[in-house]
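Novice: I have a structure here, written as structure tokens, and I will follow up with some questions on it.
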Amino acid sequence: MDGPDPARDLPAGPAADLWEPVLRWYDGHARDLPWREPGASAWSVMVSEYMLQQTPVARVLPVHAAWLERWPRPADLAAEPTGEAVRAWGRLGYPRRALRLHAAAVAVTERHGGEVPASYDDLLALPGVGDYTAAAIATFAYGRRHVVLDTNVRRVHARVLAGQAVPAASVTRAERDRAAALLPPDAPTAATWSVAVMELGALVCTARSPDCDACPVAGTCAWRAAGHPAYDGPVRRAQAWDGTDRQCRGRLLAVLRDADAPVHLSRLDAAWPDPLQRARCLEGLLTDGLAVRTSDTTVALP
DNA sequence: AAGACGTGGAC
DNA sequence: TGTCCAAGTCT
């Protein structure tokens with residue numbers, strides 16, 4: 001391993017006991033992902049962050065590659081109809097993200113000269129960018145120092161620091177303060193720290209089957225020390241799926257996505273049996289801008 | 001501030 | 001087989 005040890009110059013103290021082993025672990029175990037390559041553009045990072053919202057890395061990989069190949073810069077996407085973004089989004093899920101990414105590309109082109117902004121506030125103003133994504137793009141594309149709180153980081157912190165199997169339903173003030181206090185003082189190390197903790201949560205401290213034997217901070221983990229107590233909070237209702245509007249919308253949109261011309265309404269009849277729900281969901285897709293009417297009897301991607 | 005919003009793989 | 005889960009955002 002050549003190059004400087006990123007943990008070497010950090011101040012000593014309680015935090016350093018965490019930083020050092022996690023940074024060292026990341027150095028040897030980080031996945032090679034396209035948006036992490038040294039030459040990766042901020043646009044590549046931005047596209048990956050949209051696609052990775054609620055979607056596993058393995059399914060994002062091929063779509064991300066095709067996307068960057070076709071639209072190497074934000075302005076390239078901005079010049080296309082939104083329907084092209086929806087079609088290229090494929091089956092990643094939550095297709096409104098494709099619409100938002102397109103709208104963000106337009107905003108970047110018009111307001112930022114075609115360059116993905118580096119500031120958290122400018123990023124947060126983009127459609128589809130919330131606190132996590134703004135912090136992630138500023139951090140991973142530009143090396144800025146921000147608290148990056150995604151589901152992986154929250155789970156690792158809940159376990160290692162609080163001894164809880166699962167973090168709270170939504171980000172708490174205490175959680176954010178704790179993460180801020182832990183953030184290394186210099187920006188480059190803070191950026192590496194954030195991606196390292198995320199990676200640890202994704203590969204080792206997973207939701208279903210944590211591999212404590214492979215964990216660099218198992219020795220200081222409060223959850224492990226307590227004997228891995230199970231989650232004891234309020235019951236969380238699993239998302240229903242069968243027969244829901246979301247399933248219906250997915251079916252309808254799949255028909256439009258797979259067609260290369262406007263689709264007759266009768267084709268949608270075949271995609272979902274309940275006429276009332278079908279009509280409601282189509283109306284929703286039209287309202288959301290995921291579909292457009294092309295005639296009295298046909299619809300298409302926008 | 002819960003609930004809506006897609007999809008498919010893993011156990 | 002059914003449940004759980006995946007780098008959240010928006011309203």
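Order determines the names: the first chain of the structure tokens is A, the second B, and so forth; residues in each chain are numbered 1 upward, and ligands are numbered 1 upward as they are shown.
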Distance cut-off 7 Å, counting only C-alpha atoms (C1' of nucleotides) - which residues of chain A neighbour chain B? Return them as a list in words.

Specialist: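 Within 7 Å of chain B on chain A, we get Arg91, Leu92, Gly93, Tyr94, Arg246 and Gly250 of chain A.
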
Novice: Would you give me, as an MDAnalysis selection string, the residues of chain C that come within 8 Å of chain A, using only C-alpha atoms (C1' of nucleotides)?

Specialist: chainID C and resid 5:9

Novice: At what distance in Å, to one decimal, does CA of Arg100 in chain A lie from CA of Pro81 in chain A?

Specialist: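 One can read the CA of Pro81 in chain A to CA of Arg100 in chain A distance as 12.6 Å.
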
Novice: From a DSSP calculation on the backbone, collect every residue of range 131-240 of chain A in alpha helix (DSSP H) and output the set as number ranges by chain.

Specialist: A: 131-142, 151-162, 173-182, 187-203, 222-225

Novice: Extract, using only C-alpha atoms (C1' of nucleotides), all DNA, RNA and protein residues at most 7 Å from range 256-263 of chain A, discarding same-chain residues fewer than 5 positions from it, and format them as a ChimeraX atom specification.

Specialist: /A:87,294,298-301

Novice: Which residues are near Arg224 in chain A? Cut-off 8 Å, only C-alpha atoms (C1' of nucleotides), ignore same chain within fewer than 3 positions. Put them as an MDAnalysis selection string.

Specialist: chainID A and resid 159:160 163 218 221 227:228

Novice: Take the selection from the previous step and output its residues with N, CA and C atoms, as an mmCIF file, in the first residue's frame.

Specialist:
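Result went into out_21.cif, see below:
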data_model
loop_
_atom_site.group_PDB
_atom_site.id
_atom_site.type_symbol
_atom_site.label_atom_id
_atom_site.label_comp_id
_atom_site.auth_asym_id
_atom_site.auth_seq_id
_atom_site.Cartn_x
_atom_site.Cartn_y
_atom_site.Cartn_z
ATOM 1 N N ARG A 159 -25.748 0.916 15.948
ATOM 2 C CA ARG A 159 -25.201 -0.298 16.560
ATOM 3 C C ARG A 159 -23.933 -0.007 17.357
ATOM 4 N N VAL A 160 -22.948 0.569 16.684
ATOM 5 C CA VAL A 160 -21.646 0.768 17.322
ATOM 6 C C VAL A 160 -21.731 1.743 18.489
ATOM 7 N N GLY A 163 -25.758 0.950 20.603
ATOM 8 C CA GLY A 163 -26.083 -0.410 21.012
ATOM 9 C C GLY A 163 -27.457 -0.864 20.565
ATOM 10 N N ALA A 218 -15.528 -4.172 15.703
ATOM 11 C CA ALA A 218 -16.300 -5.110 16.532
ATOM 12 C C ALA A 218 -15.915 -4.966 18.004
ATOM 13 N N CYS A 221 -17.868 -2.077 19.545
ATOM 14 C CA CYS A 221 -19.285 -1.981 19.182
ATOM 15 C C CYS A 221 -20.188 -2.215 20.399
ATOM 16 N N GLY A 227 -24.633 -8.040 23.414
ATOM 17 C CA GLY A 227 -25.167 -9.338 23.003
ATOM 18 C C GLY A 227 -26.175 -9.277 21.871
ATOM 19 N N HIS A 228 -26.015 -8.270 21.005
ATOM 20 C CA HIS A 228 -26.898 -8.131 19.827
ATOM 21 C C HIS A 228 -28.379 -8.133 20.194
#

Novice: Which residue out of A:Ala190, A:Ala15, A:Leu99, A:Pro185 has the minimum interatomic distance to Leu285 in chain A when only C-alpha atoms are used?

Specialist: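 Of all the options, A:Leu99 lies closest to Leu285 in chain A.
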
Novice: Do you have the CA of Trp223 in chain A-CA of Leu161 in chain A distance handy?

Specialist: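 Spanning CA of Trp223 in chain A to CA of Leu161 in chain A is a straight-line distance of 7.7 Å.
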